[in-house]
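A.B. asks: Have a look at this one.
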Amino acid sequence: MSYDLRTIDAPRIEGGKLLFAAWLMERRGIGRAVAAPLMSRLGIDDFRAAHYDEVPIWYPVHDSPSSHRFSSSAGVREEAPPPTFELLEQIGSTFRPAGSFAFPSMADYARAYRDGSLTPPQVANRIIHVLEHRDRGNPPLNAFISWSAEEIRRQAQESQERLASGSARSVLEGVPIAIKDELDVADIPTTLGTSFRTITPAHADAWIVARLREAGALIIGKTNMHEVGLGVTGLNPFWGTPVNPYAPWRYPGGSSSGSAGAVAAGICPAAIGADGGGSVRIPAAYCGVFGLKLTAGRASTRGAFPLANTVGVSGPIAGNARDLALTYLTIAGPDPDDSHSVSQPPVTLDDFLAGPTGVRIGIYRPWFEDGREEVVATAQRLIDFLEKAGAEIVEIEIPELDSLRLAHLITITTEMRAGLAEMIPDHRSDFGNETRANLALARHLTTDDYIKAQQVRARLLGHFSAAFERVDVIATPTTANLPPRLNRDRLLSGVSDLGSLSATMRYAIPANMLGYPAVSVPAGFVTAHSRRFWHEVDETDEDGNIYSDVPVGVQFMGRHWEEALLLRMARICEELVVRPRPRVYLSAFESNNPVEAGHTDPVNE
């Protein structure tokens, strides 16, 4: 068997050239001729020439497993209650290796609220101060699109009253959580990161947001994102590109860029993102935090904009594994009005505190090693630690990964163009150059392409199912590269860099296309340089280079419905990996943070 996954060989286009290419591809007649060479470089011509006999699978919903070691029993079940304080005690405190930075956790908030050393109104005021001043900082935060000081204070006061009366709703009472601007929050417009979709506020919360409110969470507002989710750097020319708190001179990753940035900067212990092609896991990896992509159908999509109907799911991003688990417990479960979510096994944290002994970790060696040398070495070091701690490493093979790459490309771009169909005619010129070009390219895909992509989905599901008969999780780096370096000019003009895109998404695609859950965990940091961009954060060498510790992530993908095992792996890895304090850190929890002293540009080193 040969490893066939390709890196896209296409020129990087930016600025006026990118806009002109988009304009040409939008034209009838000439558009197809202009798109044809790019489609060939992407591999679409070869894909169209291939033949598949499989019956298409249109949505990756799967029966609950019953035969695997880490599976829970199947069945339709009632909504799970929000996480209790008893559960918080059961899963214990976060253990970190010596020298590792401690992100304030939900448990820290809950205990501080209970002993009176901190109140939700105090947290609210700290967050408001950051949001009012930080976007004028250098580097600017740019993590949020919409928020209201009045609404944040109102929620905080209600939480304080419940805490004072002994009627806290859950562990999440008064804990700040941010929501990607792809999900509805009542009375706030859902912009999708565009410059124009800001007229009508949502009438109600998305299902996931409602679950968080019912648990008492303090919903801060809507986070920034790569425009309409059609990219993985986090670049947004309209709302600003969010900062990467660990590497401010590099992109934060996308499309859930603001959510990952807000968590890594300490503004909130957890945030909600959405993942159609790695959009939770990639920014989590780039920003040095944890991100969980759920099994398709594990959480309701009601109230989430239908950008990628068969590959996209929402999921949590958190500063530590326990907060990732608590957020998962809160948002997962059946919604009677979402047929895809109704029948599923119980949402649990079974064996969360167990070690790695006996867990079979699958490694497809050519795939695992198909990345930047420092990234692969850092990921391998974490796998070595797990093996020494008792995990079993199993070498596996997975054929036809390149056909899955193409099937995903066709599926997600076709579905996103369909989801935006009502906007495109009137707002084509309002999109950023990168988004406009991608949507223009997508119009040259056909119905036959889409049907064949769903046949590939069925075929590759068989390949991965065979691998999961031998292993419990499949491990890869989260991305094959480091977060790309920022370029000031491209922040406004946009850039199409399909080679970098393919490296960023190399390991993310199977979980989306096949419905598997996957988690990205911090695996370590590598020293890398960027050009001077933000002037005050660090000194540069004589060539103008800034050297910093850049995060690397490892991804574990599991069988359908086995999020509990992935969360266990995340907890184990957190106990092995030393993480430094982020360069941009604006904690709403710590009383000695500069926001308390009234600084308008609080950057902690």
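Naming scheme: A, B, ... for chains in displayed order of the structure tokens; residues 1 onward per chain; ligands 1 onward as shown.
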Residues at most 12 Å from Arg428 (chain A), counting only C-alpha atoms, excluding those fewer than 3 positions away in the same chain, as a PyMOL selection string?

C.D. replies: chain A and resi 19+22-23+26+194-196+417+420-425+431-440

A.B. asks: Hey, what's within 6 Å of region 283-293 of chain A if we count only C-alpha atoms and toss same-chain stuff fewer than 4 positions away? As a ChimeraX atom specification, please?

C.D. replies: /A:244,252-254,257,260,315-319,483,517-522,551-553

A.B. asks: Could you save the residues just selected, with C-alpha atoms, as a JSON list (two decimals), in the first residue's frame?

C.D. replies:
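Output contents, as saved in part26.json:
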```
[["chain", "number", "residue", "atom", "x", "y", "z"],
["A", 244, "ASN", "CA", -2.62, 34.38, 18.78],
["A", 252, "PRO", "CA", -4.41, 32.09, 15.46],
["A", 253, "GLY", "CA", -5.91, 29.48, 13.14],
["A", 254, "GLY", "CA", -9.48, 29.25, 11.97],
["A", 257, "SER", "CA", -10.10, 31.99, 15.75],
["A", 260, "ALA", "CA", -9.41, 29.97, 20.68],
["A", 315, "GLY", "CA", -17.59, 21.86, 19.88],
["A", 316, "PRO", "CA", -15.76, 23.29, 22.89],
["A", 317, "ILE", "CA", -12.35, 24.92, 23.17],
["A", 318, "ALA", "CA", -10.85, 25.12, 26.67],
["A", 319, "GLY", "CA", -7.67, 25.95, 28.54],
["A", 483, "PRO", "CA", 0.78, 28.81, 12.39],
["A", 517, "PRO", "CA", -14.92, 12.60, 17.27],
["A", 518, "ALA", "CA", -11.42, 14.07, 17.56],
["A", 519, "VAL", "CA", -9.54, 16.13, 20.11],
["A", 520, "SER", "CA", -6.53, 18.40, 19.75],
["A", 521, "VAL", "CA", -4.23, 18.61, 22.76],
["A", 522, "PRO", "CA", -1.12, 20.77, 23.34],
["A", 551, "PRO", "CA", 2.48, 25.73, 20.04],
["A", 552, "VAL", "CA", 2.20, 22.32, 18.41],
["A", 553, "GLY", "CA", -0.87, 20.10, 18.80]]
```

A.B. asks: Using only C-alpha atoms, which residues sit within 12 Å of Arg490 (chain A) once same-chain residues fewer than 6 positions away are excluded, as a PyMOL selection string?

C.D. replies: chain A and resi 12-16+18+233-237+240-241+251+432-434+484+496-497

A.B. asks: Those residues with C-alpha atoms, as a compact mmCIF listing (two decimals), in the first residue's frame please?

C.D. replies:
```txt
# COMPACT_ATOMS: atom_id res chain seq x y z
CA ARG A 12 -0.09 31.90 -3.68
CA ILE A 13 -2.30 34.76 -4.86
CA GLU A 14 -3.11 37.89 -2.91
CA GLY A 15 -4.45 41.42 -3.15
CA GLY A 16 -5.60 42.72 -6.52
CA LEU A 18 -6.81 37.49 -6.06
CA THR A 233 -5.83 31.01 9.28
CA GLY A 234 -8.36 33.18 11.13
CA LEU A 235 -7.79 36.15 8.82
CA ASN A 236 -10.71 38.57 8.79
CA PRO A 237 -10.36 41.86 6.88
CA GLY A 240 -9.64 42.30 12.35
CA THR A 241 -7.62 39.12 12.67
CA TYR A 251 -2.15 33.58 12.76
CA GLY A 432 -13.32 39.49 1.34
CA ASN A 433 -11.11 38.54 -1.60
CA GLU A 434 -10.26 35.07 -0.28
CA PRO A 484 1.67 30.94 9.36
CA SER A 496 -5.14 32.35 -1.27
CA ASP A 497 -2.39 29.89 -0.30
```

A.B. asks: Need the shell around Glu395 (chain A): protein/DNA/RNA residues with any atom at most 12 Å away, counting only C-alpha atoms. Skip same-chain ones fewer than 2 positions apart. Format as JSON, numbers by chain?

C.D. replies: {"A": [360, 361, 362, 363, 364, 365, 366, 367, 368, 392, 393, 397, 398, 467, 468, 470, 471, 473, 474, 475]}

A.B. asks: I'd like to know which of A:Val376, A:Ser429, A:Pro242, A:Met1 is closest to Arg134 (chain A), using only C-alpha atoms.

C.D. replies: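 With only C-alpha atoms as the atom set, the closest residue is A:Pro242.
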
A.B. asks: Mind the document's chain letters and residue numbers, and return as number ranges by chain the residues of region 83-264 of chain A that DSSP labels helix (DSSP H, G or I).

C.D. replies: A: 85-91, 106-115, 120-136, 149-164, 207-214, 227-229, 257-264

A.B. asks: Determine the nearest neighbour of Ser167 (chain A) from the options A:Leu441, A:Ile127, A:Ala215, A:Ala389, counting only C-alpha atoms.

C.D. replies: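 Closest residue, counting only C-alpha atoms: A:Ala215.
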
A.B. asks: From the DSSP assignment of the backbone, select every residue of region 172-287 of chain A that is strand (DSSP E or B), and format the answer as a ChimeraX atom specification.

C.D. replies: /A:176-180,183,185-186,188-189,201-202,218-223,250,270-275

A.B. asks: Using Å and a single decimal, report how far CA of His203 (chain A) sits from CA of Gly231 (chain A).

C.D. replies: 28.0 Å
